[in-house]
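Text of the file entry_30.tsv, holding TSV, C-alpha atoms:
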chain	number	residue	atom	x	y	z
A	7	MET	CA	0.24	15.36	-68.30
A	8	LYS	CA	-2.34	15.38	-65.60
A	9	VAL	CA	-1.05	14.48	-62.15
A	10	ARG	CA	-3.46	12.71	-59.84
A	11	GLN	CA	-3.25	13.97	-56.27
A	12	ARG	CA	-3.38	11.52	-53.39
A	13	PRO	CA	-6.09	12.20	-50.82
A	14	ASN	CA	-5.01	13.43	-47.41
A	15	LEU	CA	-5.74	10.52	-45.10
A	16	LEU	CA	-5.49	12.71	-42.03
A	17	THR	CA	-8.54	14.81	-42.85
A	18	ALA	CA	-12.13	13.90	-42.16
A	19	ASP	CA	-13.16	14.99	-45.68
A	20	SER	CA	-11.18	12.17	-47.29
A	21	ALA	CA	-12.87	9.43	-45.25
A	22	PRO	CA	-16.01	7.70	-46.54
A	23	ASP	CA	-19.31	8.72	-44.99
A	24	ASN	CA	-19.81	5.35	-43.33
A	25	VAL	CA	-16.38	5.30	-41.62
A	26	VAL	CA	-16.02	6.83	-38.17
A	27	PRO	CA	-12.48	8.11	-37.56
A	28	THR	CA	-10.76	6.47	-34.59
A	29	THR	CA	-8.03	9.05	-34.24
A	30	GLY	CA	-7.93	12.78	-33.95
A	31	GLN	CA	-9.47	15.33	-31.69
A	32	ASN	CA	-12.76	13.52	-31.06
A	33	SER	CA	-11.02	10.30	-30.04
A	34	ALA	CA	-8.56	12.17	-27.84
A	35	THR	CA	-11.38	14.03	-26.14
A	36	LYS	CA	-13.21	10.77	-25.54
A	37	ARG	CA	-10.10	9.19	-23.99
A	38	ASN	CA	-9.56	12.21	-21.75
A	39	ASN	CA	-13.12	12.15	-20.48
A	40	ASP	CA	-13.61	8.38	-20.23
A	41	TRP	CA	-12.31	7.39	-16.80
A	42	PHE	CA	-14.53	4.59	-15.54
A	43	PHE	CA	-17.41	2.74	-17.28
A	44	GLY	CA	-18.02	5.69	-19.61
A	45	LEU	CA	-18.04	8.27	-16.79
A	46	ASN	CA	-15.78	11.30	-16.83
A	47	GLY	CA	-13.69	12.57	-13.95
A	48	ILE	CA	-16.29	15.03	-12.64
A	49	GLN	CA	-19.01	12.37	-12.52
A	50	ILE	CA	-16.71	9.91	-10.74
A	51	PHE	CA	-15.72	12.58	-8.22
A	52	ALA	CA	-19.38	13.40	-7.51
A	53	ILE	CA	-20.32	9.73	-7.02
A	54	ALA	CA	-17.27	9.05	-4.85
A	55	THR	CA	-17.95	12.14	-2.73
A	56	ALA	CA	-21.54	11.07	-2.13
A	57	PHE	CA	-20.41	7.55	-1.18
A	58	VAL	CA	-17.76	8.83	1.24
A	59	LEU	CA	-20.21	11.23	2.93
A	60	VAL	CA	-22.76	8.44	3.37
A	61	PHE	CA	-20.04	6.09	4.63
A	62	CYS	CA	-18.88	8.64	7.21
A	63	PHE	CA	-22.17	10.08	8.46
A	64	VAL	CA	-24.84	7.43	7.91
A	65	ASP	CA	-24.56	6.34	11.56
A	66	MET	CA	-25.69	9.80	12.67
A	67	LEU	CA	-29.02	9.23	10.92
A	68	LEU	CA	-29.68	5.69	12.16
A	69	PRO	CA	-30.63	4.45	15.64
A	70	ILE	CA	-28.00	1.68	15.39
A	71	LYS	CA	-24.30	1.74	14.56
A	72	LEU	CA	-24.00	0.38	11.04
A	73	ILE	CA	-20.29	0.91	10.29
A	74	SER	CA	-17.79	0.13	13.04
A	75	THR	CA	-14.73	2.18	13.92
A	76	TYR	CA	-12.56	-0.75	12.88
A	77	ILE	CA	-13.95	-0.72	9.33
A	78	LYS	CA	-13.35	3.01	9.09
A	79	HIS	CA	-9.80	2.48	10.32
A	80	ILE	CA	-9.27	0.09	7.39
A	81	ALA	CA	-10.76	2.70	5.05
A	82	VAL	CA	-8.20	5.28	6.22
A	83	ASN	CA	-5.38	2.82	5.57
A	84	CYS	CA	-6.76	2.06	2.10
A	85	LEU	CA	-6.69	5.75	1.19
A	86	ILE	CA	-3.18	6.30	2.59
A	87	TYR	CA	-1.81	3.35	0.61
A	88	ALA	CA	-3.63	4.59	-2.50
A	89	ILE	CA	-1.63	7.83	-2.24
A	90	LEU	CA	1.58	5.84	-1.81
A	91	ALA	CA	0.80	3.64	-4.81
A	92	MET	CA	0.09	6.64	-7.04
A	93	GLY	CA	3.40	8.12	-5.92
A	94	LEU	CA	5.41	4.96	-6.64
A	95	ASN	CA	3.66	4.67	-10.02
A	96	PHE	CA	5.77	7.56	-11.30
A	97	VAL	CA	8.86	5.37	-10.95
A	98	SER	CA	7.64	1.79	-11.34
A	99	GLY	CA	4.91	2.65	-13.82
A	100	TYR	CA	5.62	5.69	-15.94
A	101	ILE	CA	9.39	5.35	-16.34
A	102	GLY	CA	9.45	1.58	-15.84
A	103	GLN	CA	12.02	1.27	-13.03
A	104	THR	CA	11.68	-0.79	-9.87
A	105	SER	CA	12.18	0.84	-6.48
A	106	LEU	CA	12.30	-0.84	-3.07
A	107	GLY	CA	13.06	2.34	-1.16
A	108	HIS	CA	9.92	4.43	-1.31
A	109	ALA	CA	9.03	3.67	2.29
A	110	ALA	CA	11.92	6.05	3.01
A	111	PHE	CA	9.96	8.99	1.59
A	112	PHE	CA	6.87	7.78	3.44
A	113	GLY	CA	8.93	7.88	6.64
A	114	ILE	CA	10.55	11.22	5.85
A	115	GLY	CA	7.13	12.83	5.50
A	116	ALA	CA	5.98	11.22	8.76
A	117	TYR	CA	9.08	12.20	10.73
A	118	ALA	CA	9.17	15.74	9.34
A	119	THR	CA	5.51	16.32	10.16
A	120	GLY	CA	5.83	14.65	13.57
A	121	LEU	CA	8.80	16.78	14.61
A	122	MET	CA	7.19	20.01	13.41
A	123	VAL	CA	3.82	19.28	15.05
A	124	LEU	CA	5.58	18.44	18.32
A	125	GLY	CA	7.40	21.75	17.93
A	126	GLY	CA	4.13	23.67	17.66
A	127	VAL	CA	3.82	24.05	13.89
A	128	SER	CA	0.36	23.64	12.39
A	129	PHE	CA	-0.13	20.33	10.61
A	130	TRP	CA	-1.33	22.06	7.43
A	131	PHE	CA	1.98	23.93	7.09
A	132	THR	CA	4.01	20.79	7.68
A	133	ILE	CA	2.69	19.02	4.56
A	134	PRO	CA	4.45	21.24	1.97
A	135	ILE	CA	7.56	21.57	4.15
A	136	ALA	CA	7.81	17.80	4.54
A	137	ALA	CA	7.30	17.42	0.79
A	138	ILE	CA	10.22	19.76	0.09
A	139	ILE	CA	12.43	17.82	2.54
A	140	ALA	CA	11.48	14.52	0.86
A	141	ALA	CA	12.24	16.03	-2.55
A	142	LEU	CA	15.72	17.06	-1.36
A	143	PHE	CA	16.38	13.58	0.05
A	144	SER	CA	15.26	12.01	-3.23
A	145	ILE	CA	17.93	13.80	-5.27
A	146	PRO	CA	20.79	11.40	-4.30
A	147	MET	CA	18.67	8.40	-5.20
A	148	ALA	CA	17.62	10.10	-8.44
A	149	ALA	CA	21.28	10.74	-9.27
A	150	ALA	CA	22.02	7.04	-8.77
A	151	ALA	CA	19.03	6.08	-10.94
A	152	GLN	CA	20.57	7.99	-13.85
A	153	ARG	CA	23.52	5.61	-13.95
A	154	VAL	CA	21.95	2.21	-13.21
A	155	ARG	CA	18.74	0.35	-13.86
A	156	GLY	CA	17.15	-3.07	-13.35
A	157	SER	CA	18.43	-5.15	-10.46
A	158	PHE	CA	21.17	-2.61	-9.70
A	159	LEU	CA	18.57	0.10	-9.09
A	160	VAL	CA	16.60	-2.27	-6.84
A	161	VAL	CA	19.69	-2.76	-4.66
A	162	ILE	CA	20.42	0.98	-4.51
A	163	THR	CA	16.86	1.95	-3.56
A	164	TYR	CA	16.68	-0.86	-0.99
A	165	GLY	CA	19.96	0.30	0.55
A	166	PHE	CA	18.79	3.92	0.55
A	167	GLY	CA	15.72	3.02	2.61
A	168	GLU	CA	17.65	0.83	5.03
A	169	VAL	CA	20.32	3.48	5.61
A	170	LEU	CA	17.67	6.05	6.53
A	171	ARG	CA	15.94	3.55	8.81
A	172	TYR	CA	19.14	2.84	10.76
A	173	ILE	CA	19.84	6.56	11.00
A	174	CYS	CA	16.40	7.01	12.60
A	175	ILE	CA	17.00	4.08	14.96
A	176	ASN	CA	20.31	5.54	16.21
A	177	THR	CA	19.47	9.26	16.33
A	178	GLU	CA	18.33	10.37	19.78
A	179	ALA	CA	17.14	13.76	18.53
A	180	ILE	CA	14.27	12.09	16.66
A	181	GLY	CA	13.43	9.52	19.33
A	182	ALA	CA	15.83	6.75	18.20
A	183	SER	CA	14.19	3.31	18.36
A	184	SER	CA	11.38	4.68	20.57
A	185	GLY	CA	10.08	6.93	17.82
A	186	LEU	CA	8.00	10.07	18.26
A	187	PRO	CA	4.92	9.58	20.46
A	188	GLY	CA	2.24	12.10	21.38
A	189	ILE	CA	1.75	13.83	18.01
A	190	ALA	CA	-1.25	16.13	18.31
A	191	THR	CA	-4.41	15.70	16.25
A	192	PRO	CA	-4.78	18.45	13.62
A	193	THR	CA	-7.67	20.89	13.72
A	194	ILE	CA	-9.70	22.48	10.95
A	195	PHE	CA	-11.85	25.56	11.57
A	196	GLY	CA	-11.24	25.09	15.30
A	197	ASN	CA	-12.45	21.46	15.36
A	198	LYS	CA	-10.24	18.42	15.80
A	199	LEU	CA	-10.43	15.86	13.01
A	200	THR	CA	-11.30	13.22	15.60
A	201	LYS	CA	-14.45	15.19	16.50
A	202	ILE	CA	-15.86	15.20	12.96
A	203	GLY	CA	-18.47	12.51	12.45
A	204	PRO	CA	-19.78	9.76	14.73
A	205	THR	CA	-16.33	8.13	15.17
A	206	THR	CA	-12.76	9.35	15.56
A	207	LYS	CA	-11.91	8.18	12.03
A	208	ASP	CA	-14.38	10.13	9.90
A	209	GLY	CA	-12.36	13.34	9.78
A	210	TYR	CA	-9.32	11.41	8.59
A	211	ILE	CA	-11.38	9.62	5.94
A	212	LEU	CA	-12.52	12.97	4.55
A	213	LEU	CA	-8.97	14.36	4.66
A	214	CYS	CA	-7.49	11.32	2.92
A	215	PHE	CA	-10.28	11.28	0.34
A	216	VAL	CA	-9.57	14.90	-0.60
A	217	LEU	CA	-5.86	14.16	-0.87
A	218	VAL	CA	-6.47	11.06	-3.01
A	219	CYS	CA	-8.64	13.14	-5.37
A	220	LEU	CA	-6.04	15.91	-5.62
A	221	VAL	CA	-3.19	13.47	-6.21
A	222	ALA	CA	-5.25	11.54	-8.80
A	223	PHE	CA	-6.06	14.77	-10.64
A	224	PHE	CA	-2.40	15.80	-10.58
A	225	VAL	CA	-1.19	12.41	-11.81
A	226	ASN	CA	-3.78	12.42	-14.61
A	227	ARG	CA	-2.70	15.88	-15.76
A	228	VAL	CA	0.98	14.93	-15.71
A	229	GLU	CA	0.31	11.70	-17.59
A	230	ARG	CA	-1.44	13.57	-20.42
A	231	SER	CA	1.12	16.38	-20.56
A	232	ARG	CA	4.39	16.73	-22.42
A	233	VAL	CA	6.14	15.42	-19.31
A	234	GLY	CA	3.98	12.30	-19.30
A	235	TYR	CA	4.75	11.61	-22.95
A	236	ALA	CA	8.44	11.91	-22.16
A	237	PHE	CA	8.02	9.39	-19.32
A	238	HIS	CA	6.30	6.98	-21.72
A	239	ALA	CA	9.09	7.35	-24.28
A	240	ILE	CA	11.78	6.68	-21.66
A	241	ARG	CA	9.94	3.60	-20.40
A	242	GLU	CA	9.65	2.10	-23.87
A	243	ASP	CA	13.17	2.83	-25.12
A	244	GLU	CA	15.68	5.14	-23.45
A	245	ILE	CA	18.01	5.21	-26.45
A	246	ALA	CA	15.21	6.13	-28.84
A	247	ALA	CA	13.97	8.81	-26.41
A	248	LEU	CA	17.48	10.26	-26.16
A	249	SER	CA	17.82	10.31	-29.93
A	250	MET	CA	14.58	12.32	-30.17
A	251	GLY	CA	16.04	15.02	-27.95
A	252	ILE	CA	14.45	14.02	-24.65
A	253	ASP	CA	16.65	14.77	-21.65
A	254	VAL	CA	16.40	11.29	-20.13
A	255	ASN	CA	18.38	12.08	-16.97
A	256	TRP	CA	16.28	15.13	-16.18
A	257	TYR	CA	12.96	13.33	-16.61
A	258	LYS	CA	14.13	10.38	-14.53
A	259	MET	CA	15.06	12.75	-11.74
A	260	LEU	CA	11.75	14.58	-12.08
A	261	ALA	CA	9.79	11.31	-11.83
A	262	ILE	CA	11.59	10.29	-8.64
A	263	ILE	CA	11.16	13.74	-7.07
A	264	LEU	CA	7.43	13.80	-7.86
A	265	SER	CA	7.14	10.28	-6.47
A	266	ALA	CA	8.93	11.27	-3.25
A	267	VAL	CA	6.71	14.33	-2.77
A	268	ILE	CA	3.50	12.32	-3.10
A	269	CYS	CA	4.74	9.58	-0.75
A	270	SER	CA	5.72	12.20	1.82
A	271	ILE	CA	2.14	13.54	1.80
A	272	ALA	CA	0.92	10.09	2.81
A	273	GLY	CA	3.56	10.03	5.53
A	274	SER	CA	2.41	13.38	6.93
A	275	VAL	CA	-1.14	12.06	7.25
A	276	GLN	CA	0.06	8.78	8.76
A	277	ALA	CA	1.99	10.65	11.48
A	278	VAL	CA	-1.01	12.58	12.80
A	279	TYR	CA	-3.40	9.69	12.28
A	280	ALA	CA	-1.35	7.26	14.33
A	281	THR	CA	-0.14	10.08	16.68
A	282	PHE	CA	3.14	8.18	16.62
A	283	VAL	CA	6.08	7.63	14.27
A	284	SER	CA	8.64	4.84	14.58
A	285	PRO	CA	11.60	3.75	12.40
A	286	GLU	CA	9.59	0.75	11.22
A	287	ILE	CA	7.70	3.04	8.88
A	288	LEU	CA	10.85	3.13	6.73
A	289	SER	CA	11.28	-0.65	6.65
A	290	SER	CA	11.81	-2.60	3.44
A	291	THR	CA	8.60	-4.49	4.26
A	292	GLN	CA	6.67	-1.29	3.70
A	293	SER	CA	8.45	-0.68	0.40
A	294	ILE	CA	7.65	-4.20	-0.79
A	295	LEU	CA	4.00	-3.75	0.19
A	296	ILE	CA	3.73	-0.48	-1.77
A	297	LEU	CA	5.33	-2.10	-4.82
A	298	THR	CA	2.98	-5.07	-4.50
A	299	ILE	CA	-0.02	-2.72	-4.47
A	300	VAL	CA	1.17	-1.18	-7.74
A	301	ILE	CA	1.75	-4.63	-9.30
A	302	VAL	CA	-1.60	-6.06	-8.20
A	303	GLY	CA	-3.66	-2.98	-9.07
A	304	GLY	CA	-1.86	-2.24	-12.30
A	305	LYS	CA	1.01	-0.04	-13.37
A	306	ARG	CA	0.38	3.36	-14.94
A	307	SER	CA	-3.21	3.36	-13.72
A	308	ILE	CA	-4.83	5.63	-11.15
A	309	LYS	CA	-7.76	3.24	-10.85
A	310	GLY	CA	-5.34	0.36	-10.48
A	311	ALA	CA	-3.45	2.08	-7.65
A	312	ILE	CA	-6.67	2.64	-5.71
A	313	LEU	CA	-7.93	-0.88	-6.39
A	314	GLY	CA	-4.60	-2.42	-5.40
A	315	ALA	CA	-4.58	-0.45	-2.15
A	316	ILE	CA	-8.08	-1.69	-1.30
A	317	ILE	CA	-7.23	-5.32	-2.08
A	318	MET	CA	-3.89	-5.39	-0.26
A	319	THR	CA	-5.31	-3.62	2.80
A	320	ILE	CA	-8.54	-5.56	3.23
A	321	LEU	CA	-7.30	-9.08	2.45
A	322	PRO	CA	-4.72	-9.20	5.29
A	323	GLU	CA	-7.37	-8.12	7.79
A	324	ILE	CA	-9.73	-10.84	6.58
A	325	PHE	CA	-7.12	-13.58	6.85
A	326	HIS	CA	-5.91	-12.37	10.25
A	327	SER	CA	-9.50	-12.79	11.41
A	328	VAL	CA	-9.57	-16.29	9.90
A	329	GLN	CA	-6.42	-17.14	11.82
A	330	GLU	CA	-7.95	-15.98	15.10
A	331	LEU	CA	-11.29	-17.67	14.38
A	332	PHE	CA	-9.81	-21.10	13.66
A	333	LYS	CA	-6.81	-20.61	15.98
A	334	LEU	CA	-4.38	-21.52	13.23
A	335	PRO	CA	-0.69	-21.86	14.21
A	336	PHE	CA	0.35	-19.88	11.11
A	337	ASP	CA	-0.76	-16.75	9.31
A	338	PRO	CA	-2.69	-17.81	6.16
A	339	TRP	CA	-2.21	-14.36	4.68
A	340	MET	CA	1.54	-14.87	4.28
A	341	ILE	CA	0.89	-17.96	2.15
A	342	LEU	CA	-1.76	-16.18	0.07
A	343	TYR	CA	0.51	-13.13	-0.29
A	344	GLY	CA	3.14	-15.13	-2.14
A	345	LEU	CA	0.52	-17.00	-4.12
A	346	ILE	CA	-1.06	-13.74	-5.31
A	347	LEU	CA	2.27	-12.49	-6.63
A	348	VAL	CA	2.94	-15.74	-8.49
A	349	ILE	CA	-0.52	-15.74	-10.07
A	350	MET	CA	-0.29	-12.06	-11.02
A	351	MET	CA	3.09	-12.51	-12.69
A	352	ARG	CA	1.88	-15.56	-14.59
A	353	TYR	CA	-1.62	-14.58	-15.70
A	354	LEU	CA	-2.02	-10.81	-15.12
A	355	PRO	CA	1.40	-9.19	-15.53
A	356	GLN	CA	-0.29	-5.80	-16.10
A	357	GLY	CA	-2.32	-6.09	-12.90
A	358	PHE	CA	-6.09	-5.95	-12.53
A	359	TRP	CA	-6.38	-2.47	-14.01
A	360	GLY	CA	-3.02	-1.74	-15.56
A	361	LYS	CA	-2.37	-0.32	-19.00
A	362	GLY	CA	-1.01	-2.48	-21.78
A	363	GLU	CA	2.25	-1.79	-23.55
Serialized structure, structure tokens:
Amino acid sequence: MKVRQRPNLLTADSAPDNVVPTTGQNSATKRNNDWFFGLNGIQIFAIATAFVLVFCFVDMLLPIKLISTYIKHIAVNCLIYAILAMGLNFVSGYIGQTSLGHAAFFGIGAYATGLMVLGGVSFWFTIPIAAIIAALFSIPMAAAAQRVRGSFLVVITYGFGEVLRYICINTEAIGASSGLPGIATPTIFGNKLTKIGPTTKDGYILLCFVLVCLVAFFVNRVERSRVGYAFHAIREDEIAALSMGIDVNWYKMLAIILSAVICSIAGSVQAVYATFVSPEILSSTQSILILTIVIVGGKRSIKGAILGAIIMTILPEIFHSVQELFKLPFDPWMILYGLILVIMMRYLPQGFWGKGE
């Protein structure tokens, strides 16, 4: 009796000539290289670098000032919030938990860097040290996240941030409610960052741009690694992930630690950029803003985090100007802020550039 063998559907040889396989190595390679409108990561980096250099130094080549210091100040804030959004994305995006306490890690990075710079330590050494401190502080919150989720985790993370804020307000050694003024501007190759470019902001734009690129590259590598697949499995179904042998508690803790480290980097830059750190940097308002950036831009998306940071940084400035122009007795941005969240939840729950389920 002759047995008919079934063709192997996973091989290219078994597919008809006129069918292009949609899975496999070629498709995976295409997904890895396709970042933005068919461009790969290297092409995007080259285009973005050229744009940033023109943005920073075009005024040195023109007889008139084309880009004001105020606009460059907004650009710095956009880049700092992009770092924060990519950090929070590890928790709110990749493992699917909501946190309202990530301003705490932002503040820890700022305070750690501020104290060390005031003590004579070079800014460049303070970044990894502050990141380690933030990682250590994140462990208690990560331990709590292993036992609760949903609204209970929101309360715990909110309380964590508020506790740290009140500690900063009442601790004289770190300036109490007065904060830490007089933080020195960092130098690179003997030049202050404020002396690079035609304005005092250009050096910080270049620094933040480099950090955004490094963080984006790191997040992309993690997302496509074994760790990233574990995050995805936990987000979709913790019980199923546990049954497949994934250490759910360990990966949850890892996501929160990575998130805290990235947020602390943004805090380190914020400290030297503002030359001042106050307890308000740890406020719940900051945490809500960071979460809103992730929601508006899109969860689990590097492009979405950057887009959300741009939108939620520029729009308030525009509407504050509208308020001053028309002398309105209220801030129109606060009305639009709530309206944006309602519209996003109703019509774009994945955000402008988020990934589908």
Subject >> Near-Ala81 in chain A list (12 Å; only C-alpha atoms; drop same-chain fewer than 6 positions) as a ChimeraX atom specification >> reply: /A:58,61-62,73-75,87-88,207-215,312,315-320,323
Original post:
Taking (-2.0, 7.3, 2.3) in the file's coordinates, which residues come within 9 Å, counting all atoms listed in the file, written as a VMD selection string?
Top reply: chain A and resid 82 to 91 112 214 217 to 218 269 271 to 276
Please produce a file of the residues just selected, as a PDB file, in the frame of the given file, where the atoms kept are C-alpha atoms.
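result24.pdb, freshly written:
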ATOM      1  CA  VAL A  82      -8.200   5.280   6.220  1.00  0.00           C
ATOM      2  CA  ASN A  83      -5.380   2.820   5.570  1.00  0.00           C
ATOM      3  CA  CYS A  84      -6.760   2.060   2.100  1.00  0.00           C
ATOM      4  CA  LEU A  85      -6.690   5.750   1.190  1.00  0.00           C
ATOM      5  CA  ILE A  86      -3.180   6.300   2.590  1.00  0.00           C
ATOM      6  CA  TYR A  87      -1.810   3.350   0.610  1.00  0.00           C
ATOM      7  CA  ALA A  88      -3.630   4.590  -2.500  1.00  0.00           C
ATOM      8  CA  ILE A  89      -1.630   7.830  -2.240  1.00  0.00           C
ATOM      9  CA  LEU A  90       1.580   5.840  -1.810  1.00  0.00           C
ATOM     10  CA  ALA A  91       0.800   3.640  -4.810  1.00  0.00           C
ATOM     11  CA  PHE A 112       6.870   7.780   3.440  1.00  0.00           C
ATOM     12  CA  CYS A 214      -7.490  11.320   2.920  1.00  0.00           C
ATOM     13  CA  LEU A 217      -5.860  14.160  -0.870  1.00  0.00           C
ATOM     14  CA  VAL A 218      -6.470  11.060  -3.010  1.00  0.00           C
ATOM     15  CA  CYS A 269       4.740   9.580  -0.750  1.00  0.00           C
ATOM     16  CA  ILE A 271       2.140  13.540   1.800  1.00  0.00           C
ATOM     17  CA  ALA A 272       0.920  10.090   2.810  1.00  0.00           C
ATOM     18  CA  GLY A 273       3.560  10.030   5.530  1.00  0.00           C
ATOM     19  CA  SER A 274       2.410  13.380   6.930  1.00  0.00           C
ATOM     20  CA  VAL A 275      -1.140  12.060   7.250  1.00  0.00           C
ATOM     21  CA  GLN A 276       0.060   8.780   8.760  1.00  0.00           C
TER      22      GLN A 276
END
**OP:** Tell me, in Å to one decimal, how far CA of Ala179 in chain A is from CA of Leu121 in chain A.
**Re:** 9.7 Å
**OP:** With only C-alpha atoms counted, which protein, DNA or RNA residues have an atom no more than 8 Å from (-9.0, 12.1, -11.3) in the file frame? Please answer as a PyMOL selection string.
**Re:** chain A and resi 41+47-48+51+219-226+308
Saved selection, atoms kept: C-alpha atoms, as a PDB file, in the frame of the given file:
ATOM      1  CA  TRP A  41     -12.310   7.390 -16.800  1.00  0.00           C
ATOM      2  CA  GLY A  47     -13.690  12.570 -13.950  1.00  0.00           C
ATOM      3  CA  ILE A  48     -16.290  15.030 -12.640  1.00  0.00           C
ATOM      4  CA  PHE A  51     -15.720  12.580  -8.220  1.00  0.00           C
ATOM      5  CA  CYS A 219      -8.640  13.140  -5.370  1.00  0.00           C
ATOM      6  CA  LEU A 220      -6.040  15.910  -5.620  1.00  0.00           C
ATOM      7  CA  VAL A 221      -3.190  13.470  -6.210  1.00  0.00           C
ATOM      8  CA  ALA A 222      -5.250  11.540  -8.800  1.00  0.00           C
ATOM      9  CA  PHE A 223      -6.060  14.770 -10.640  1.00  0.00           C
ATOM     10  CA  PHE A 224      -2.400  15.800 -10.580  1.00  0.00           C
ATOM     11  CA  VAL A 225      -1.190  12.410 -11.810  1.00  0.00           C
ATOM     12  CA  ASN A 226      -3.780  12.420 -14.610  1.00  0.00           C
ATOM     13  CA  ILE A 308      -4.830   5.630 -11.150  1.00  0.00           C
TER      14      ILE A 308
END
**OP:** Name the closest residue to Ile145 in chain A among the candidates A:Thr205, A:Leu264, A:Leu295, A:Thr191; distances are taken between atoms, counting only C-alpha atoms.
**Re:**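 When distances to Ile145 in chain A are compared using only C-alpha atoms, the smallest one comes from A:Leu264.
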**OP:** Take CA of Glu229 in chain A and CA of Met92 in chain A and report the distance between them in Å, one decimal.
**Re:**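 Taking CA of Glu229 in chain A and CA of Met92 in chain A, their separation equals 11.7 Å.
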Test item: residues at most 7 Å from Ser293 in chain A, all atoms listed in the file, excluding those fewer than 3 positions along its chain, as a short mmCIF file (atom, residue, chain, number, x, y, z; two decimals) with C-alpha atoms, in the frame of the given file:
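The result, written out as part-v3.cif:
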data_model
loop_
_atom_site.label_atom_id
_atom_site.label_comp_id
_atom_site.auth_asym_id
_atom_site.auth_seq_id
_atom_site.Cartn_x
_atom_site.Cartn_y
_atom_site.Cartn_z
CA LEU A 106 12.30 -0.84 -3.07
CA GLY A 107 13.06 2.34 -1.16
CA HIS A 108 9.92 4.43 -1.31
CA ALA A 109 9.03 3.67 2.29
CA SER A 289 11.28 -0.65 6.65
CA SER A 290 11.81 -2.60 3.44
CA ILE A 296 3.73 -0.48 -1.77
CA LEU A 297 5.33 -2.10 -4.82
#
Original post:
Within 12 Å of Leu72 in chain A, counting only C-alpha atoms, which residues qualify if same-chain residues fewer than 5 places away don't, as a count of residues only?
Top reply: 12
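Among A:Thr291, A:Thr55, A:Ser265, A:Ser327, the residue with the shortest atom-to-atom distance to Ala137 in chain A, counting all atoms listed in the file, is A:Ser265.
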Subject >> Proximity to Thr132 in chain A - best of A:Met147, A:Ile162, A:Cys174, A:Ile114, all atoms listed in the file >> reply: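 For Thr132 in chain A, the nearest of the candidates is A:Ile114.
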Original post:
When you draw a straight line from CA of Pro187 in chain A to CA of Leu321 in chain A, how long is it in Å?
Top reply: 28.7 Å
**OP:** Fewer than 2 positions away in the same chain doesn't count, so skip those; otherwise give me all residues within 9 Å of Ala236 in chain A, counting all atoms listed in the file, as a PyMOL selection string.
**Re:** chain A and resi 101+231-234+238-241+247+252-254+257
Subject >> Given all atoms listed in the file as the counted atoms, nearest of A:Thr200, A:Ile80, A:Phe195, A:Lys258 to Arg155 in chain A >> reply: A:Lys258
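Nearest to Leu260 in chain A of all the residues A:Ala148, A:Leu142, A:Ile53, A:Val123 is A:Ala148, based on only C-alpha atoms.
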**OP:** Just the residues within 10 Å of Pro146 in chain A, please, counting all atoms listed in the file, with nothing from its chain fewer than 5 positions along; format it as a PyMOL selection string.
**Re:** chain A and resi 141+151+166+259
Subject >> Residue among A:Gly185, A:Gly99, A:Pro192, A:Gly165 lying closest to Ile133 in chain A, counting all atoms listed in the file >> reply: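 Of A:Gly185, A:Gly99, A:Pro192, A:Gly165, the one nearest Ile133 in chain A, counting all atoms listed in the file, is A:Pro192.
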At a cut-off of 6 Å, can you tabulate as JSON lines every residue of range 302-330 of chain A near range 347-357 of chain A together with its closest atom pair and the distance in Å to one decimal, using all atoms listed in the file and ordering rows by chain then number?
{"residue": "A:Val302", "atom": "CA", "partner": "A:Gly357", "partner_atom": "CA", "distance": 4.8}
{"residue": "A:Gly303", "atom": "CA", "partner": "A:Gly357", "partner_atom": "CA", "distance": 5.1}
{"residue": "A:Gly304", "atom": "CA", "partner": "A:Gly357", "partner_atom": "CA", "distance": 3.9}
